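Take a look at the structure below.
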Amino acid sequence: MVLLHVLFEHAAGYALFAVKEVEEIGMLLPQVEESVLSLGKFNSMVSLAAFFPFKSAQAALENMNAISEGVVHADLKLFLETNLPLSGKKKAVLGVSDAKIGAALQEEFSISIQTGGAVVEITRGVRLHFHSLVKGLTALAASKAQLGLGHSYSRAKVKFNVNRADNMIIQSIALLDQLDKDINTFSMRVREWYGYHFPELIKIVTENSMYCRLAQLIGNRKELSEESLESLEEVVMDSAKAQAILDASRSSMGMDISPIDLINIERFSNRVVSLAAYRLELQEYLRSKMSQVAPNLAALIGEVVGARLISHAGSLTNLAKYPASTVQILGAEKALFRALKTRGNTPKYGLIFHSTFIGRAAAKNKGRISRYLANKCTIASRIDCFSDLPTSVFGDKLRGQVEERLSFYETGEVPRKNMDVMKEAVKEATDVAAEIKRKLEKKEKKRKKREKKLQELAENGETNGEAEEENGEVDTPVAKKKKKRQVAEETEEAVAVETPVKKKKRKSETLAVEETEELPEPVMSEKKKKKKKEAD
């Protein structure tokens with residue numbers, strides 16, 4: 001006789017249900033589907049054998065991560081070893097909803113696992129009536145546990161997304177391509193629009209961004225003079241070309257244009273110029289991002305081509321998984337399938353054609369150098385994907401190897417062996433990694449010192465502030481008294497000067513007035529005495 005137990009994973013914990021009358025349930029599957037909706041009927045078929053609640057939200061997240069990856073967690077193993085009857089007369093069968101975790105459990109316990117048939121319907125019924133089957137668990141608590149675990153699981157998946165660093169590169173290179181198309185289209189529109197007024201400028205200046213800046217600068221061609229020659233030279237960076245623009249403006253065959261049309265052309269040219277400036281900033285951002293994420297690939301094949309390879313593969317991890325033969329024709333899939341369909345020659349290169357190496361190689365060596373370059377790109381992408389500290393040492397060494405291979409095809413000079421080059425690279429990389437670690441440790445020490453100083457200053461500031469407050473409480477009344485005295489003296493002096501005679505006065509005011517009146521008398525008497533002596 002078969003004894004079926006069904007394992008159910010919930011946000012609250014693991015549950016093991018014993019199923020009665022397994023043969024009858026398997027034979028009467030339609031009736032089982034109907035009875036799942038009724039708790040009374042379902043309870044007569046299925047009973048709770050054991051329940052293992054998770055200790056914390058972190059434990060629940062760890063168990064769910066293990067189940068999603070098809071790994072048997074230690075908690076699950078202990079739970080099944082304790083509660084699942086592995087030995088006995090009855091043959092034990094474990095029903096599991098997920099085949100991946102079922103295969104892992106079969107390897108771990110060497111028991112028969114059932115995933116389809118009646119197990120699916122029983123799991124559906126357990127999911128529906130779980131809060132009623134487990135004592136002490138309410139529907140509200142179960143839904144809260146599910147919501148919390150769902151949020152933490154999703155947050156962990158986003159946080160540990162291996163593609164998160166590549167997403168910025170993928171978006172940047174896509175935006176760069178879109179900007180190139182837009183700037184080209186808008187520049188052609190400016191050429192057509194401004195060409196009605198100054199058609200000769202199109203032949204003199206061929207670069208799009210420079211043409212837009214000149215259209216913005218010149219405006220009405222009739223207003224150009226010798227004074228504007230310097231500003232033209234600043235834009236064109238060529239005195240002969242600036243003089244040619246000035247000469248062409250004087251003998252131009254273009255039509256006259258109204259001021260309002262010129263304003264619109266200048267505004268549109270300004271937009272195109274700003275887009276071109278933003279494109280340069282975006283390219284610099286892409287360069288810095290590639291040096292952080294894939295420095296070896298960027299050093300080997302360039303930032304733009306490396307970013308295109310990552311974008312086409314979907315992520316750096318996907319690119320690292322590709323073999324060299326796939327990397328070689330990455331981007332030329334349409335040509336490959338057309339060649340396979342028509343039984344023609346397959347393409348020799350895809351996106352890596354834009355690298356400088358293939359352009360420099362002779363026609364007969366292009367296929368050979370593209371194969372060699374794809375091999376080195378695969379090595380570089382794998383180093384970037386799985387290395388802890390990002391360094392461009394391996395990329396520089398691999399680039400040197402490609403250069404040596406190019407010179408070998410041209411001159412026949414034998415390149416160095418790959419083993420010797422990689423030994424040098426490993427040695428340099430370890431030195432660079434040690435230097436980076438040393439710098440990081442220095443920064444950490446400085447940061448800790450700074451934090452200590454700030455803490456000490458904060459503590460000293462608090463003590464000083466308390467002392468100042470105490471001193472201030474003592475000193476403030478004295479200072480206030482001094483200020484009151486000064487104000488009183490000033491007011492008394494003013495009163496004495498403005499109103500020397502008043503009927504009602506305070507004692508202090510009368511004394512001050514008397515002193516001021518009595519002070520000049522002895523001075524005058526001394527002067528009179530001197531005059532009398534001189535007269536005698």
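Each chain in the structure tokens gets a letter, A, B, ..., in the order shown, and its residues are numbered from 1; ligands are numbered from 1 in order too.
Near A:Lys135, within a cut-off of 10 Å and counting only C-alpha atoms, sit the residues Leu48, Phe51, Phe130 and His131 of chain A, with same-chain residues fewer than 4 positions away left out.
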Output for the residues just chosen: C-alpha atoms as a short mmCIF file (atom, residue, chain, number, x, y, z; two decimals), in the first residue's frame:
data_model
loop_
_atom_site.label_atom_id
_atom_site.label_comp_id
_atom_site.auth_asym_id
_atom_site.auth_seq_id
_atom_site.Cartn_x
_atom_site.Cartn_y
_atom_site.Cartn_z
CA LEU A 48 -1.86 17.84 8.63
CA PHE A 51 4.26 21.90 10.51
CA PHE A 130 -4.01 26.41 4.51
CA HIS A 131 -4.98 28.85 7.27
#
Next item on the list: Looking only at alpha helix (DSSP H) from DSSP on the backbone, list the matching residues of stretch 40-86 of chain A as JSON, numbers by chain.
Entry: {"A": [40, 41, 42, 43, 44, 45, 57, 58, 59, 60, 61, 62, 63, 64, 65, 66, 67, 68, 74, 75, 76, 77, 78, 79, 80, 81, 82, 83]}
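For the atom pair formed by atom CA of A:Leu229 and atom CA of A:Phe198, the distance is 16.8 Å, given to one decimal.
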Next item on the list: Skip A:Ala15 itself and residues of its chain fewer than 5 positions away, then list as number ranges by chain all residues within 10 Å of it, counting only C-alpha atoms.
Entry: A: 6-10, 48-53, 79-80, 126, 130, 133-134
Written selection (N, CA, C and O atoms) as a CSV table (one decimal), in the first residue's frame:
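Below you can see result.csv, which holds the result:
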chain,number,residue,atom,x,y,z
A,6,VAL,N,2.3,15.0,1.1
A,6,VAL,CA,2.5,16.2,0.2
A,6,VAL,C,3.2,17.3,1.0
A,6,VAL,O,2.7,17.7,2.1
A,7,LEU,N,4.3,17.8,0.4
A,7,LEU,CA,5.0,18.9,1.0
A,7,LEU,C,4.5,20.2,0.5
A,7,LEU,O,4.4,20.4,-0.8
A,8,PHE,N,4.2,21.1,1.4
A,8,PHE,CA,3.7,22.4,1.0
A,8,PHE,C,4.6,23.5,1.6
A,8,PHE,O,4.8,23.5,2.8
A,9,GLU,N,5.1,24.4,0.7
A,9,GLU,CA,6.0,25.5,1.2
A,9,GLU,C,5.2,26.8,1.3
A,9,GLU,O,4.6,27.2,0.3
A,10,HIS,N,5.1,27.3,2.5
A,10,HIS,CA,4.3,28.6,2.7
A,10,HIS,C,5.3,29.6,3.3
A,10,HIS,O,6.3,29.3,3.8
A,48,LEU,N,-3.2,17.3,8.4
A,48,LEU,CA,-1.9,17.8,8.6
A,48,LEU,C,-1.0,16.9,9.5
A,48,LEU,O,-1.4,16.5,10.6
A,49,ALA,N,0.1,16.5,8.9
A,49,ALA,CA,1.0,15.6,9.6
A,49,ALA,C,2.0,16.3,10.5
A,49,ALA,O,2.3,15.9,11.6
A,50,ALA,N,2.6,17.4,9.9
A,50,ALA,CA,3.6,18.2,10.7
A,50,ALA,C,3.7,19.6,10.1
A,50,ALA,O,3.4,19.8,8.9
A,51,PHE,N,4.1,20.5,11.0
A,51,PHE,CA,4.3,21.9,10.5
A,51,PHE,C,5.5,22.5,11.2
A,51,PHE,O,5.7,22.3,12.4
A,52,PHE,N,6.4,23.1,10.3
A,52,PHE,CA,7.6,23.7,10.8
A,52,PHE,C,7.6,25.2,10.5
A,52,PHE,O,7.8,25.6,9.4
A,53,PRO,N,7.3,26.0,11.5
A,53,PRO,CA,7.3,27.5,11.2
A,53,PRO,C,8.7,28.1,11.2
A,53,PRO,O,9.6,27.6,11.9
A,79,PHE,N,13.4,18.8,8.7
A,79,PHE,CA,12.0,18.7,8.8
A,79,PHE,C,11.5,17.4,8.2
A,79,PHE,O,10.7,16.6,8.8
A,80,LEU,N,12.0,17.0,7.0
A,80,LEU,CA,11.6,15.8,6.4
A,80,LEU,C,12.2,14.5,7.1
A,80,LEU,O,11.5,13.5,7.2
A,126,VAL,N,-4.7,22.6,-0.6
A,126,VAL,CA,-4.0,23.0,0.6
A,126,VAL,C,-3.7,24.5,0.6
A,126,VAL,O,-3.8,25.2,1.6
A,130,PHE,N,-5.2,26.6,3.7
A,130,PHE,CA,-4.0,26.4,4.5
A,130,PHE,C,-4.2,27.0,5.9
A,130,PHE,O,-3.9,26.4,6.9
A,133,LEU,N,-6.3,24.7,8.0
A,133,LEU,CA,-5.7,23.4,8.3
A,133,LEU,C,-4.7,23.5,9.4
A,133,LEU,O,-4.5,22.5,10.2
A,134,VAL,N,-4.0,24.6,9.5
A,134,VAL,CA,-2.9,24.8,10.5
A,134,VAL,C,-3.6,25.5,11.7
A,134,VAL,O,-4.1,26.6,11.5
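When atom CA of A:Val273 is paired with atom CA of A:Ser209, their separation reads 6.1 Å.
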Next item on the list: Could you give me, as a list in words, the residues within 8 Å of A:Pro347, counting only C-alpha atoms and dropping anything in the same chain fewer than 3 positions from it?
Entry: Ile329, Ala332, Ala335, Leu336, Ala339 and Gly350 of chain A
Could you write out the selected residues, including all heavy atoms, as a PDB file, in the first residue's frame?
ATOM      1  N   ILE A 329      30.829  36.271 -34.775  1.00  0.00           N
ATOM      2  CA  ILE A 329      29.752  36.654 -35.712  1.00  0.00           C
ATOM      3  C   ILE A 329      28.588  37.324 -34.989  1.00  0.00           C
ATOM      4  O   ILE A 329      27.489  37.432 -35.539  1.00  0.00           O
ATOM      5  CB  ILE A 329      29.261  35.428 -36.507  1.00  0.00           C
ATOM      6  CG1 ILE A 329      28.770  34.334 -35.557  1.00  0.00           C
ATOM      7  CG2 ILE A 329      30.333  34.919 -37.441  1.00  0.00           C
ATOM      8  CD1 ILE A 329      27.986  33.238 -36.224  1.00  0.00           C
ATOM      9  N   ALA A 332      25.925  39.624 -36.795  1.00  0.00           N
ATOM     10  CA  ALA A 332      25.758  39.250 -38.212  1.00  0.00           C
ATOM     11  C   ALA A 332      24.884  38.004 -38.327  1.00  0.00           C
ATOM     12  O   ALA A 332      25.124  37.139 -39.187  1.00  0.00           O
ATOM     13  CB  ALA A 332      27.121  39.009 -38.845  1.00  0.00           C
ATOM     14  N   ALA A 335      22.975  37.606 -41.766  1.00  0.00           N
ATOM     15  CA  ALA A 335      23.850  37.127 -42.844  1.00  0.00           C
ATOM     16  C   ALA A 335      24.202  35.653 -42.661  1.00  0.00           C
ATOM     17  O   ALA A 335      24.302  34.901 -43.642  1.00  0.00           O
ATOM     18  CB  ALA A 335      25.131  37.968 -42.865  1.00  0.00           C
ATOM     19  N   LEU A 336      24.363  35.228 -41.397  1.00  0.00           N
ATOM     20  CA  LEU A 336      24.699  33.831 -41.125  1.00  0.00           C
ATOM     21  C   LEU A 336      23.565  32.905 -41.563  1.00  0.00           C
ATOM     22  O   LEU A 336      23.800  31.905 -42.269  1.00  0.00           O
ATOM     23  CB  LEU A 336      24.977  33.654 -39.627  1.00  0.00           C
ATOM     24  CG  LEU A 336      25.195  32.212 -39.149  1.00  0.00           C
ATOM     25  CD1 LEU A 336      26.485  31.645 -39.711  1.00  0.00           C
ATOM     26  CD2 LEU A 336      25.196  32.142 -37.637  1.00  0.00           C
ATOM     27  N   ALA A 339      23.204  32.752 -45.280  1.00  0.00           N
ATOM     28  CA  ALA A 339      24.254  31.912 -45.876  1.00  0.00           C
ATOM     29  C   ALA A 339      23.955  30.429 -45.676  1.00  0.00           C
ATOM     30  O   ALA A 339      24.184  29.610 -46.580  1.00  0.00           O
ATOM     31  CB  ALA A 339      25.599  32.267 -45.256  1.00  0.00           C
ATOM     32  N   GLY A 350      31.229  40.078 -37.169  1.00  0.00           N
ATOM     33  CA  GLY A 350      30.006  40.822 -36.904  1.00  0.00           C
ATOM     34  C   GLY A 350      30.336  42.204 -36.366  1.00  0.00           C
ATOM     35  O   GLY A 350      30.895  43.045 -37.071  1.00  0.00           O
TER      36      GLY A 350
END
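Across the model, the gap from atom CA of A:Leu232 to atom CA of A:Ser249 is 12.4 Å.
Minimum distance to A:Leu389 across A:Glu234, A:Asp182, A:Asp431, A:Asp247 (counting only C-alpha atoms) occurs at A:Asp431.
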Margin query: Applying 6 Å and only C-alpha atoms, which residues near stretch 65-78 of chain A remain after dropping the ones on its own chain fewer than 3 positions away? List them as JSON, numbers by chain.
Written below: {"A": [62, 81, 100, 101]}
Could you dump the residues just selected with C-alpha atoms as a short mmCIF file (atom, residue, chain, number, x, y, z; two decimals), in the first residue's frame?
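Generated file (result38.cif):
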data_model
loop_
_atom_site.label_atom_id
_atom_site.label_comp_id
_atom_site.auth_asym_id
_atom_site.auth_seq_id
_atom_site.Cartn_x
_atom_site.Cartn_y
_atom_site.Cartn_z
CA GLU A 62 16.82 31.95 2.81
CA GLU A 81 14.03 13.52 8.24
CA LYS A 100 13.21 20.91 -9.72
CA ILE A 101 13.11 20.64 -5.92
#
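Among the candidates A:Gln216, A:Asn365, A:Glu121, A:Asp180, the one nearest to A:Ala277 when counting only C-alpha atoms is A:Asp180.
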Write out as a PDB file with C-alpha atoms, in the first residue's frame the residues lying within 10 Å of A:Val36, counting only C-alpha atoms and excluding same-chain residues fewer than 3 positions away.
ATOM      1  CA  GLN A  31     -14.545  14.253  -8.027  1.00  0.00           C
ATOM      2  CA  VAL A  32     -11.384  15.373  -6.233  1.00  0.00           C
ATOM      3  CA  GLU A  33     -11.324  18.589  -8.267  1.00  0.00           C
ATOM      4  CA  LEU A  39     -13.270  22.392   3.336  1.00  0.00           C
ATOM      5  CA  GLY A  40     -15.277  19.541   4.949  1.00  0.00           C
ATOM      6  CA  LYS A  41     -14.760  17.125   2.056  1.00  0.00           C
ATOM      7  CA  PHE A  42     -11.117  18.147   1.607  1.00  0.00           C
ATOM      8  CA  ASN A  43     -10.412  17.695   5.333  1.00  0.00           C
ATOM      9  CA  MET A  45      -9.089  13.295   2.466  1.00  0.00           C
ATOM     10  CA  GLU A 121      -5.106  19.171  -7.057  1.00  0.00           C
ATOM     11  CA  ILE A 122      -4.200  18.425  -3.448  1.00  0.00           C
ATOM     12  CA  THR A 123      -1.652  21.283  -3.454  1.00  0.00           C
ATOM     13  CA  ARG A 124      -4.324  23.589  -4.859  1.00  0.00           C
ATOM     14  CA  GLY A 125      -6.680  22.623  -2.027  1.00  0.00           C
ATOM     15  CA  VAL A 126      -3.957  23.035   0.591  1.00  0.00           C
ATOM     16  CA  LEU A 128      -6.844  27.430  -0.565  1.00  0.00           C
ATOM     17  CA  HIS A 129      -7.501  26.102   2.968  1.00  0.00           C
TER      18      HIS A 129
END
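Candidate residues A:Ile369, A:Ala59, A:Ala242, A:Leu176 were compared for distance to A:Arg308, and the nearest is A:Leu176, using only C-alpha atoms.
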